[in-house]
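work18.csv (CSV, C-alpha atoms)
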```
chain,number,residue,atom,x,y,z
A,1,MET,CA,-12.2,94.9,74.8
A,2,PHE,CA,-9.7,92.9,76.8
A,3,ILE,CA,-8.6,89.3,76.3
A,4,SER,CA,-6.7,87.5,79.0
A,5,ARG,CA,-3.7,85.3,78.3
A,6,ALA,CA,-5.7,82.2,79.4
A,7,GLN,CA,-8.6,83.1,77.0
A,8,LEU,CA,-6.1,83.5,74.2
A,9,PHE,CA,-4.5,80.1,74.7
A,10,ASP,CA,-8.0,78.5,75.1
A,11,ALA,CA,-8.9,79.9,71.7
A,12,MET,CA,-5.8,78.6,69.9
A,13,PRO,CA,-6.3,75.3,68.2
A,14,ALA,CA,-4.5,72.4,69.7
A,15,PRO,CA,-1.4,71.3,67.7
A,16,ASP,CA,-2.0,68.3,65.5
A,17,PRO,CA,-0.1,65.4,67.1
A,18,ILE,CA,2.6,63.7,65.1
A,19,ALA,CA,1.9,60.0,64.3
A,20,HIS,CA,4.1,57.2,63.0
A,21,TYR,CA,3.5,55.6,59.6
A,22,LEU,CA,4.7,52.8,57.4
A,23,VAL,CA,4.4,53.5,53.7
A,24,VAL,CA,4.7,50.7,51.2
A,25,LEU,CA,7.0,51.8,48.4
A,26,GLU,CA,7.2,48.5,46.5
A,27,GLY,CA,5.4,45.2,46.8
A,28,THR,CA,1.9,43.9,47.0
A,29,SER,CA,0.3,47.2,48.1
A,30,PRO,CA,2.3,50.1,46.8
A,31,GLY,CA,1.2,53.4,48.2
A,32,LYS,CA,-0.6,51.9,51.2
A,33,ARG,CA,0.0,53.7,54.5
A,34,LEU,CA,-0.3,52.1,57.9
A,35,GLU,CA,-0.3,54.0,61.2
A,36,VAL,CA,1.9,52.5,63.8
A,37,ASP,CA,1.1,52.7,67.5
A,38,THR,CA,1.4,50.5,70.6
A,39,ALA,CA,-0.7,47.8,68.8
A,40,ALA,CA,1.8,46.0,66.6
A,41,VAL,CA,1.6,46.2,62.8
A,42,THR,CA,2.4,42.6,61.7
A,43,ILE,CA,3.7,41.8,58.2
A,44,GLY,CA,3.7,38.4,56.4
A,45,ARG,CA,1.9,36.1,54.0
A,46,GLY,CA,-0.6,34.9,56.6
A,47,ALA,CA,-4.2,36.2,56.2
A,48,SER,CA,-4.3,37.4,59.8
A,49,GLN,CA,-1.4,39.8,59.3
A,50,THR,CA,-2.0,43.6,59.3
A,51,LEU,CA,-0.1,43.9,56.0
A,52,VAL,CA,-0.6,40.7,53.9
A,53,CYS,CA,2.1,40.2,51.3
A,54,ASP,CA,1.6,38.0,48.3
A,55,ASP,CA,5.3,37.2,48.1
A,56,ARG,CA,6.9,33.8,48.2
A,57,ASP,CA,10.1,35.3,49.8
A,58,VAL,CA,8.0,36.6,52.8
A,59,SER,CA,7.2,34.2,55.7
A,60,ARG,CA,3.7,33.8,57.0
A,61,GLN,CA,4.6,35.8,60.1
A,62,HIS,CA,7.7,37.7,59.0
A,63,ALA,CA,8.1,40.9,61.1
A,64,ARG,CA,6.2,43.3,63.3
A,65,VAL,CA,6.5,47.0,63.9
A,66,LEU,CA,5.3,48.9,67.0
A,67,VAL,CA,5.9,51.9,69.3
A,68,VAL,CA,7.8,51.1,72.5
A,69,ASN,CA,8.4,54.0,74.9
A,70,GLY,CA,7.9,56.5,72.1
A,71,ALA,CA,10.3,54.8,69.7
A,72,VAL,CA,9.2,52.8,66.7
A,73,THR,CA,10.9,49.4,66.5
A,74,VAL,CA,10.9,46.6,64.0
A,75,GLU,CA,11.4,43.0,65.0
A,76,ASP,CA,12.1,40.0,62.7
A,77,LEU,CA,9.9,37.0,63.7
A,78,GLN,CA,12.5,34.4,62.8
A,79,SER,CA,11.6,34.7,59.1
A,80,THR,CA,13.3,32.4,56.6
A,81,ASN,CA,14.8,35.1,54.4
A,82,GLY,CA,15.3,37.8,57.0
A,83,THR,CA,14.3,41.5,57.6
A,84,PHE,CA,16.5,44.3,56.4
A,85,VAL,CA,16.7,47.9,57.6
A,86,ASP,CA,18.5,50.2,55.3
A,87,GLU,CA,19.9,47.1,53.6
A,88,GLN,CA,21.3,45.6,56.8
A,89,ARG,CA,19.9,42.4,58.1
A,90,ILE,CA,18.6,42.7,61.6
A,91,THR,CA,18.4,40.3,64.5
A,92,GLY,CA,15.9,40.9,67.4
A,93,SER,CA,14.3,44.3,67.8
A,94,VAL,CA,15.8,47.4,66.2
A,95,ALA,CA,14.7,51.1,66.6
A,96,LEU,CA,13.9,53.0,63.4
A,97,THR,CA,15.1,56.4,62.5
A,98,GLU,CA,12.8,58.6,60.4
A,99,GLY,CA,13.1,57.7,56.7
A,100,ALA,CA,14.4,54.2,57.5
A,101,ARG,CA,13.5,51.6,54.8
A,102,ILE,CA,12.5,48.1,55.7
A,103,ARG,CA,12.9,45.3,53.1
A,104,LEU,CA,11.2,41.9,53.3
A,105,GLY,CA,11.5,39.8,50.2
A,106,ARG,CA,10.2,42.0,47.4
A,107,GLN,CA,8.4,44.3,49.8
A,108,LEU,CA,9.9,47.7,50.6
A,109,LEU,CA,8.4,50.0,53.3
A,110,LYS,CA,9.5,53.4,54.6
A,111,TYR,CA,9.0,54.8,58.1
A,112,GLU,CA,7.9,58.4,58.4
A,113,ARG,CA,6.5,60.8,61.0
A,114,ARG,CA,3.6,63.0,59.9
A,115,SER,CA,0.8,64.9,61.4
A,116,ARG,CA,-2.6,63.2,60.8
A,117,ALA,CA,-3.9,66.4,59.2
A,118,ASP,CA,-1.0,66.3,56.6
A,119,VAL,CA,-1.8,62.6,55.9
A,120,LYS,CA,-5.4,63.4,55.4
A,121,LYS,CA,-4.6,66.1,52.9
A,122,GLU,CA,-2.2,63.8,51.1
A,123,LYS,CA,-4.8,61.1,50.9
A,124,GLU,CA,-7.3,63.6,49.3
A,125,LEU,CA,-4.6,64.6,46.8
A,126,GLU,CA,-3.9,61.0,46.0
A,127,ARG,CA,-7.6,60.3,45.4
A,128,ASP,CA,-7.7,63.3,43.0
A,129,ILE,CA,-4.6,62.1,41.2
A,130,LYS,CA,-6.0,58.5,40.9
A,131,LYS,CA,-9.2,59.9,39.4
A,132,ALA,CA,-7.1,61.8,36.8
A,133,ASN,CA,-5.0,58.7,36.1
A,134,ASP,CA,-8.1,56.6,35.7
A,135,TYR,CA,-9.5,59.1,33.2
A,136,VAL,CA,-6.3,59.0,31.2
A,137,MET,CA,-6.3,55.2,31.3
A,138,SER,CA,-9.9,55.1,30.0
A,139,LEU,CA,-8.8,57.0,26.9
A,140,LEU,CA,-6.0,54.6,26.0
A,141,PRO,CA,-6.7,52.0,23.2
A,142,PRO,CA,-7.3,48.3,23.9
A,143,PRO,CA,-4.7,45.8,22.7
A,144,MET,CA,-4.9,44.5,19.2
A,145,ILE,CA,-4.7,40.7,19.3
A,146,SER,CA,-5.5,39.9,15.7
A,147,GLY,CA,-5.2,41.4,12.3
A,148,PRO,CA,-2.3,42.6,10.2
A,149,VAL,CA,-0.8,44.5,13.2
A,150,LEU,CA,-0.7,43.3,16.8
A,151,ALA,CA,-0.4,46.0,19.5
A,152,THR,CA,0.3,45.9,23.2
A,153,TRP,CA,1.4,48.6,25.6
A,154,ARG,CA,2.5,49.3,29.2
A,155,PHE,CA,1.7,52.6,30.9
A,156,VAL,CA,2.8,53.3,34.5
A,157,PRO,CA,2.3,56.8,35.8
A,158,SER,CA,5.0,58.2,38.0
A,159,ALA,CA,4.5,59.3,41.6
A,160,GLN,CA,3.4,62.6,40.3
A,161,LEU,CA,0.7,63.0,37.6
A,162,GLY,CA,2.6,63.1,34.3
A,163,GLY,CA,1.9,64.1,30.7
A,164,ASP,CA,2.2,61.0,28.6
A,165,ALA,CA,-0.6,59.9,26.2
A,166,PHE,CA,-0.6,57.6,23.2
A,167,GLY,CA,-3.0,55.8,20.9
A,168,TYR,CA,-3.6,53.9,17.6
A,169,TYR,CA,-6.6,53.3,15.4
A,170,TRP,CA,-7.6,52.2,11.9
A,171,LEU,CA,-8.3,55.3,9.9
A,172,GLU,CA,-9.2,53.1,6.9
A,173,PRO,CA,-9.2,49.3,6.6
A,174,THR,CA,-5.7,49.4,5.3
A,175,THR,CA,-4.4,52.5,7.2
A,176,LEU,CA,-3.3,52.4,10.8
A,177,ILE,CA,-2.5,55.7,12.7
A,178,LEU,CA,-0.2,55.5,15.8
A,179,TYR,CA,1.2,58.2,18.0
A,180,LEU,CA,2.7,59.1,21.3
A,181,VAL,CA,2.7,62.5,23.1
A,182,ASP,CA,4.9,63.6,26.0
A,183,VAL,CA,4.0,66.9,27.6
A,184,SER,CA,6.6,68.9,29.6
A,185,GLY,CA,6.5,68.9,33.3
A,186,HIS,CA,4.4,67.0,35.9
A,187,GLY,CA,1.2,67.6,37.7
A,188,VAL,CA,-2.4,68.2,36.9
A,189,GLY,CA,-1.6,70.9,34.3
A,190,SER,CA,0.6,68.6,32.2
A,191,ALA,CA,-1.8,65.7,32.5
A,192,MET,CA,-4.8,67.8,31.4
A,193,HIS,CA,-2.8,69.2,28.5
A,194,SER,CA,-2.0,65.7,27.3
A,195,VAL,CA,-5.6,64.8,27.6
A,196,SER,CA,-6.6,67.8,25.4
A,197,VAL,CA,-4.1,66.8,22.8
A,198,LEU,CA,-5.2,63.1,23.0
A,199,ASN,CA,-8.8,64.0,22.5
A,200,VAL,CA,-8.0,66.2,19.5
A,201,LEU,CA,-6.2,63.2,17.9
A,202,ARG,CA,-8.9,60.7,18.8
A,203,GLN,CA,-11.7,62.9,17.4
A,204,ARG,CA,-9.5,64.0,14.4
A,205,ALA,CA,-10.5,67.6,15.3
A,206,LEU,CA,-7.9,69.3,13.1
A,207,PRO,CA,-9.7,71.1,10.3
A,208,ASN,CA,-8.4,70.7,6.8
A,209,VAL,CA,-5.8,68.1,7.9
A,210,ASP,CA,-5.2,64.8,6.2
A,211,PHE,CA,-4.4,62.4,9.1
A,212,LYS,CA,-2.5,60.2,6.7
A,213,HIS,CA,0.2,62.9,6.4
A,214,PRO,CA,2.3,63.2,9.5
A,215,ALA,CA,3.7,66.6,8.5
A,216,GLU,CA,0.3,68.1,8.3
A,217,VAL,CA,-0.8,66.7,11.7
A,218,LEU,CA,2.4,67.9,13.5
A,219,ALA,CA,2.2,71.4,11.9
A,220,SER,CA,-1.5,71.8,12.7
A,221,LEU,CA,-0.9,70.7,16.4
A,222,ASN,CA,1.9,73.2,16.6
A,223,ASP,CA,-0.4,76.0,15.5
A,224,ARG,CA,-3.2,74.9,17.8
A,225,PHE,CA,-1.2,74.5,21.0
A,226,PRO,CA,1.3,77.4,21.3
A,227,THR,CA,3.0,77.6,24.7
A,228,SER,CA,1.9,81.2,25.0
A,229,GLU,CA,-1.7,80.1,25.3
A,230,HIS,CA,-1.1,77.0,27.4
A,231,ASN,CA,0.8,78.2,30.5
A,232,GLY,CA,4.2,77.6,28.9
A,233,LEU,CA,3.6,73.9,28.2
A,234,TYR,CA,4.9,72.2,25.2
A,235,PHE,CA,5.1,68.6,24.1
A,236,THR,CA,7.1,66.2,22.0
A,237,MET,CA,5.4,63.7,19.6
A,238,TRP,CA,6.1,60.7,17.4
A,239,TYR,CA,3.4,60.2,14.7
A,240,GLY,CA,3.2,57.3,12.2
A,241,VAL,CA,0.9,56.0,9.5
A,242,TYR,CA,1.2,52.4,8.4
A,243,HIS,CA,-0.2,51.2,5.0
A,244,THR,CA,-0.9,47.4,5.0
A,245,THR,CA,-1.0,47.2,1.2
A,246,THR,CA,2.6,48.4,0.8
A,247,ARG,CA,3.8,47.5,4.3
A,248,THR,CA,5.3,51.0,4.6
A,249,LEU,CA,5.3,53.2,7.6
A,250,THR,CA,5.4,57.0,7.1
A,251,TYR,CA,6.4,58.9,10.2
A,252,GLY,CA,7.4,62.2,11.6
A,253,THR,CA,8.6,63.5,14.9
A,254,ALA,CA,8.5,66.8,16.9
A,255,GLY,CA,11.3,66.9,19.4
A,256,HIS,CA,10.7,63.3,20.4
A,257,GLY,CA,13.2,60.5,20.5
A,258,PRO,CA,13.2,57.8,17.8
A,259,ALA,CA,10.9,54.8,17.8
A,260,ILE,CA,12.9,51.6,17.5
A,261,LEU,CA,12.3,48.9,14.9
A,262,VAL,CA,13.4,45.3,15.9
A,263,PRO,CA,13.4,42.5,13.3
A,264,ALA,CA,11.7,39.2,14.0
A,265,ASP,CA,15.0,37.5,15.0
A,266,LYS,CA,15.9,40.4,17.3
A,267,SER,CA,19.3,40.7,15.7
A,268,ASP,CA,19.4,44.5,15.6
A,269,THR,CA,17.7,47.8,16.4
A,270,LYS,CA,16.9,50.5,13.9
A,271,PRO,CA,16.0,54.0,15.1
A,272,LEU,CA,13.1,55.8,13.3
A,273,GLY,CA,13.2,59.5,14.0
A,274,MET,CA,14.7,62.8,13.0
A,275,PRO,CA,15.5,66.1,14.8
A,276,ALA,CA,12.6,68.6,14.9
A,277,VAL,CA,11.3,71.4,17.1
A,278,MET,CA,8.9,70.5,19.9
A,279,ILE,CA,5.3,71.3,19.4
A,280,GLY,CA,4.2,74.7,20.7
A,281,MET,CA,7.6,76.3,21.0
A,282,LEU,CA,7.8,78.3,17.7
A,283,PRO,CA,5.0,79.3,15.3
A,284,ASP,CA,4.8,78.3,11.6
A,285,GLN,CA,6.9,75.2,11.9
A,286,THR,CA,7.2,72.6,9.1
A,287,TYR,CA,8.1,69.0,9.8
A,288,ASP,CA,10.0,66.4,7.8
A,289,VAL,CA,8.7,62.9,7.2
A,290,ALA,CA,10.4,59.6,6.4
A,291,GLN,CA,9.3,56.1,5.2
A,292,GLU,CA,10.3,52.6,6.2
A,293,GLU,CA,9.3,49.2,5.1
A,294,MET,CA,8.0,46.9,7.9
A,295,PRO,CA,9.2,43.4,7.5
A,296,ALA,CA,7.0,40.5,8.5
A,297,GLY,CA,7.4,39.7,12.2
A,298,SER,CA,9.2,42.9,13.0
A,299,THR,CA,8.2,45.0,16.1
A,300,LEU,CA,8.1,48.7,16.4
A,301,PHE,CA,8.7,50.1,19.9
A,302,VAL,CA,7.3,53.6,20.5
A,303,PHE,CA,8.1,55.1,24.0
A,304,SER,CA,8.6,58.2,26.0
A,305,ASP,CA,11.9,59.2,27.6
A,306,GLY,CA,10.5,58.0,31.0
A,307,ALA,CA,11.0,54.5,29.7
A,308,TYR,CA,14.8,54.8,29.4
A,309,GLU,CA,15.9,57.7,31.6
A,310,ILE,CA,15.9,55.6,34.8
A,311,VAL,CA,17.7,56.1,38.1
A,312,MET,CA,19.5,52.9,39.0
A,313,LYS,CA,20.0,51.4,42.5
A,314,ASP,CA,23.5,53.1,42.6
A,315,GLY,CA,22.0,56.5,41.8
A,316,THR,CA,23.3,56.7,38.2
A,317,ARG,CA,20.9,57.4,35.3
A,318,THR,CA,20.5,55.3,32.2
A,319,ASP,CA,20.2,56.6,28.6
A,320,LEU,CA,18.8,55.4,25.3
A,321,GLU,CA,21.9,53.4,24.4
A,322,GLU,CA,21.6,51.4,27.6
A,323,PHE,CA,17.9,50.8,27.0
A,324,LEU,CA,18.2,49.3,23.5
A,325,PRO,CA,19.6,45.9,24.6
A,326,LEU,CA,16.3,45.3,26.5
A,327,LEU,CA,14.4,45.5,23.2
A,328,THR,CA,16.4,42.7,21.7
A,329,ALA,CA,16.5,40.4,24.8
A,330,PRO,CA,14.6,37.1,24.5
A,331,SER,CA,10.9,37.2,24.8
A,332,THR,CA,9.2,35.8,27.9
A,333,PRO,CA,6.4,33.2,27.3
A,334,GLY,CA,3.0,34.5,28.5
A,335,THR,CA,4.3,38.1,28.9
A,336,THR,CA,3.9,41.0,26.5
A,337,GLU,CA,7.0,42.8,25.3
A,338,PRO,CA,6.1,46.1,27.0
A,339,GLU,CA,5.5,44.2,30.3
A,340,ARG,CA,8.8,42.2,29.9
A,341,VAL,CA,10.8,45.4,29.3
A,342,TYR,CA,9.1,47.2,32.3
A,343,GLN,CA,9.9,44.3,34.7
A,344,ALA,CA,13.5,44.3,33.5
A,345,ILE,CA,13.8,48.0,34.3
A,346,ARG,CA,12.2,47.6,37.7
A,347,ASP,CA,14.7,44.9,38.6
A,348,VAL,CA,17.6,47.3,38.3
A,349,SER,CA,16.0,50.7,39.1
A,350,LYS,CA,16.0,52.4,42.5
A,351,ALA,CA,13.3,51.6,45.0
A,352,GLY,CA,10.0,53.4,44.8
A,353,PRO,CA,8.0,54.8,41.9
A,354,LEU,CA,9.8,55.9,38.7
A,355,ASP,CA,10.6,59.6,38.4
A,356,ASP,CA,8.7,59.9,35.1
A,357,ASP,CA,5.8,58.2,33.3
A,358,PHE,CA,6.7,54.9,31.7
A,359,SER,CA,4.9,54.6,28.3
A,360,LEU,CA,5.8,51.9,25.8
A,361,MET,CA,3.9,50.6,22.8
A,362,ALA,CA,4.9,47.5,20.9
A,363,LEU,CA,3.4,47.0,17.4
A,364,THR,CA,4.2,43.8,15.6
A,365,PHE,CA,3.6,43.7,11.8
A,366,VAL,CA,2.3,40.3,10.8
```
Output the file's structure in the form of structure tokens.
Amino acid sequence: MFISRAQLFDAMPAPDPIAHYLVVLEGTSPGKRLEVDTAAVTIGRGASQTLVCDDRDVSRQHARVLVVNGAVTVEDLQSTNGTFVDEQRITGSVALTEGARIRLGRQLLKYERRSRADVKKEKELERDIKKANDYVMSLLPPPMISGPVLATWRFVPSAQLGGDAFGYYWLEPTTLILYLVDVSGHGVGSAMHSVSVLNVLRQRALPNVDFKHPAEVLASLNDRFPTSEHNGLYFTMWYGVYHTTTRTLTYGTAGHGPAILVPADKSDTKPLGMPAVMIGMLPDQTYDVAQEEMPAGSTLFVFSDGAYEIVMKDGTRTDLEEFLPLLTAPSTPGTTEPERVYQAIRDVSKAGPLDDDFSLMALTFV
């Protein structure tokens, strides 16, 4: 059987053409992707724009991006506050290099060249990740807006699916359980592992364990989730039990950073935690517990390391000590404490999604 060169080339699939895209990193529509061609992509507050931005710093017709002779160009349309390419304000039309970033007000867009097949696959993956995130969100508790303890939280998944999970519930009318789990790694495996742990805690599916005793809960989880049986995954955890009759919080940790107690006047921060082995790493572990009185009006912040290990605009990374002043900063009327802290972090962090899940619970003891 003979195949000619012409027949061979006819049988080969045509290469997928490279297309031009704008990806919204920050702003009104984060994650949105727009293909750029000879028909201009217009950006502004006006309803007729291709990308409509709900941003007071963006003009009604702010900028446009299009392909001219094979090159992608961006043009400022005499906007009030200007258009910036890689932090340089532009005048007239400017050609974009791959990876260039366009800033308009609080909107940040990135220019990239991708094959349409790659973009299609990425969209499918993003849909799967969104479904997984939606499922995790459905398991998280509603805010508590009345009663002896008030609780709010902020959870922002990173660009990759992460492994944070948390919750709280009344075990008895006078006993509140609260916890936060942070699974190692990123991706679907870490997320599903955190969901497994979360469901065990929500359903109290640990035989012969008194959930009012943090040491029993942590030790039982350590026995149930060894890394050897869960693809090498381990997790850290903070677990607390609050008794309203005595106003005492009994807590234990497993490789997790401390929770932070802030008094009503926000005059100080007190860490609540202790060193301990992460769950799943070593068999037959025991865990210490401690107890703390919760003064009226005080707030307990429980969070993952993704809340304070933040890459700043200058490329440096923050730590817990730099995070603590945010917890004692003045409250913002009409804004929850977790939301206030998150916005303060986004104001100083690098552009784009955070590198890790941001999880922060704030529980105020009335």
query = Around (12.5, 55.6, 17.4) in the file's own coordinates, what residues are found within 8 Å if you use all atoms listed in the file, given back as a list in words?
reply =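 Output: Gly257, Pro258, Ala259, Ile260, Leu261, Lys270, Pro271, Leu272, Gly273, Phe301, Val302 and Phe303 of chain A.
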inquiry  = Please compute the CA of Phe323 (chain A)-CA of Val262 (chain A) distance, one decimal, in Å.
reply    =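 Those two atoms sit 13.2 Å apart.
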message = Just want the 7 Å neighbourhood of Leu96 (chain A), counted on only C-alpha atoms, with same-chain residues fewer than 2 positions away dropped. Output as a PyMOL selection string.
response = chain A and resi 72-73+94+98+100
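Shortest separation to Phe358 (chain A) among A:Arg114, A:Lys313, A:Arg45, A:Arg154 occurs at residue A:Arg154, atoms counted being only C-alpha atoms.
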ask   = Between CA of Pro143 (chain A) and CA of Arg224 (chain A), what is the spacing in Å?
value =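 Separating CA of Arg224 (chain A) from CA of Pro143 (chain A) is a distance of 29.5 Å.
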task = Mind giving me the straight-line distance from CA of Asp288 (chain A) to CA of Leu324 (chain A) in Å, one decimal?
result = 24.6 Å
Would you mind listing, for every residue of region 53-163 of chain A within 12 Å of region 341-351 of chain A, the two atoms forming the shortest contact and the distance between them in Å to one decimal, using only C-alpha atoms, sorted by chain and ascending residue number, as JSON lines?
```
{"residue": "A:Asp86", "atom": "CA", "partner": "A:Ala351", "partner_atom": "CA", "distance": 11.6}
{"residue": "A:Glu87", "atom": "CA", "partner": "A:Ala351", "partner_atom": "CA", "distance": 11.7}
{"residue": "A:Arg101", "atom": "CA", "partner": "A:Ala351", "partner_atom": "CA", "distance": 9.8}
{"residue": "A:Ile102", "atom": "CA", "partner": "A:Ala351", "partner_atom": "CA", "distance": 11.3}
{"residue": "A:Arg103", "atom": "CA", "partner": "A:Ala351", "partner_atom": "CA", "distance": 10.3}
{"residue": "A:Arg106", "atom": "CA", "partner": "A:Asp347", "partner_atom": "CA", "distance": 10.3}
{"residue": "A:Gln107", "atom": "CA", "partner": "A:Ala351", "partner_atom": "CA", "distance": 10.0}
{"residue": "A:Leu108", "atom": "CA", "partner": "A:Ala351", "partner_atom": "CA", "distance": 7.6}
{"residue": "A:Leu109", "atom": "CA", "partner": "A:Ala351", "partner_atom": "CA", "distance": 9.8}
{"residue": "A:Lys110", "atom": "CA", "partner": "A:Ala351", "partner_atom": "CA", "distance": 10.5}
{"residue": "A:Trp153", "atom": "CA", "partner": "A:Tyr342", "partner_atom": "CA", "distance": 10.3}
{"residue": "A:Arg154", "atom": "CA", "partner": "A:Tyr342", "partner_atom": "CA", "distance": 7.6}
{"residue": "A:Phe155", "atom": "CA", "partner": "A:Tyr342", "partner_atom": "CA", "distance": 9.3}
{"residue": "A:Val156", "atom": "CA", "partner": "A:Tyr342", "partner_atom": "CA", "distance": 9.0}
```
task = Write out as a VMD selection string which residues come within 12 Å of Thr42 (chain A) when counting only C-alpha atoms, dropping same-chain ones fewer than 2 positions away.
result = chain A and resid 22 34 to 40 44 to 53 59 to 66 73 to 77
Can I get region 30-42 of chain A with N, CA, C and O atoms filled in, as a PDB file, in the coordinates of the input?
```pdb
ATOM      1  N   PRO A  30       1.611  48.834  46.833  1.00  0.00           N
ATOM      2  CA  PRO A  30       2.300  50.100  46.800  1.00  0.00           C
ATOM      3  C   PRO A  30       1.443  51.294  47.038  1.00  0.00           C
ATOM      4  O   PRO A  30       0.311  51.356  46.564  1.00  0.00           O
ATOM      5  N   GLY A  31       1.953  52.231  47.842  1.00  0.00           N
ATOM      6  CA  GLY A  31       1.200  53.400  48.200  1.00  0.00           C
ATOM      7  C   GLY A  31       0.385  53.277  49.477  1.00  0.00           C
ATOM      8  O   GLY A  31      -0.085  54.271  50.028  1.00  0.00           O
ATOM      9  N   LYS A  32       0.225  52.053  49.966  1.00  0.00           N
ATOM     10  CA  LYS A  32      -0.600  51.900  51.200  1.00  0.00           C
ATOM     11  C   LYS A  32       0.166  52.442  52.382  1.00  0.00           C
ATOM     12  O   LYS A  32       1.382  52.343  52.499  1.00  0.00           O
ATOM     13  N   ARG A  33      -0.601  53.061  53.286  1.00  0.00           N
ATOM     14  CA  ARG A  33       0.000  53.700  54.500  1.00  0.00           C
ATOM     15  C   ARG A  33      -0.670  53.105  55.706  1.00  0.00           C
ATOM     16  O   ARG A  33      -1.892  53.022  55.820  1.00  0.00           O
ATOM     17  N   LEU A  34       0.162  52.685  56.651  1.00  0.00           N
ATOM     18  CA  LEU A  34      -0.300  52.100  57.900  1.00  0.00           C
ATOM     19  C   LEU A  34       0.180  52.899  59.081  1.00  0.00           C
ATOM     20  O   LEU A  34       1.378  53.198  59.184  1.00  0.00           O
ATOM     21  N   GLU A  35      -0.735  53.286  59.984  1.00  0.00           N
ATOM     22  CA  GLU A  35      -0.300  54.000  61.200  1.00  0.00           C
ATOM     23  C   GLU A  35       0.188  52.983  62.211  1.00  0.00           C
ATOM     24  O   GLU A  35      -0.400  51.918  62.421  1.00  0.00           O
ATOM     25  N   VAL A  36       1.303  53.337  62.847  1.00  0.00           N
ATOM     26  CA  VAL A  36       1.900  52.500  63.800  1.00  0.00           C
ATOM     27  C   VAL A  36       1.706  53.055  65.227  1.00  0.00           C
ATOM     28  O   VAL A  36       1.948  54.242  65.450  1.00  0.00           O
ATOM     29  N   ASP A  37       1.229  52.226  66.147  1.00  0.00           N
ATOM     30  CA  ASP A  37       1.100  52.700  67.500  1.00  0.00           C
ATOM     31  C   ASP A  37       1.500  51.514  68.438  1.00  0.00           C
ATOM     32  O   ASP A  37       2.237  50.615  68.028  1.00  0.00           O
ATOM     33  N   THR A  38       1.007  51.510  69.664  1.00  0.00           N
ATOM     34  CA  THR A  38       1.400  50.500  70.600  1.00  0.00           C
ATOM     35  C   THR A  38       0.852  49.097  70.195  1.00  0.00           C
ATOM     36  O   THR A  38       1.367  48.060  70.639  1.00  0.00           O
ATOM     37  N   ALA A  39      -0.180  49.070  69.369  1.00  0.00           N
ATOM     38  CA  ALA A  39      -0.700  47.800  68.800  1.00  0.00           C
ATOM     39  C   ALA A  39       0.191  47.488  67.594  1.00  0.00           C
ATOM     40  O   ALA A  39       0.313  48.292  66.667  1.00  0.00           O
ATOM     41  N   ALA A  40       0.807  46.338  67.579  1.00  0.00           N
ATOM     42  CA  ALA A  40       1.800  46.000  66.600  1.00  0.00           C
ATOM     43  C   ALA A  40       1.181  45.924  65.165  1.00  0.00           C
ATOM     44  O   ALA A  40       0.062  45.443  64.985  1.00  0.00           O
ATOM     45  N   VAL A  41       1.923  46.412  64.193  1.00  0.00           N
ATOM     46  CA  VAL A  41       1.600  46.200  62.800  1.00  0.00           C
ATOM     47  C   VAL A  41       2.427  44.925  62.391  1.00  0.00           C
ATOM     48  O   VAL A  41       3.663  44.924  62.445  1.00  0.00           O
ATOM     49  N   THR A  42       1.737  43.867  62.032  1.00  0.00           N
ATOM     50  CA  THR A  42       2.400  42.600  61.700  1.00  0.00           C
ATOM     51  C   THR A  42       2.426  42.479  60.144  1.00  0.00           C
ATOM     52  O   THR A  42       1.490  42.879  59.462  1.00  0.00           O
TER      53      THR A  42
END
```
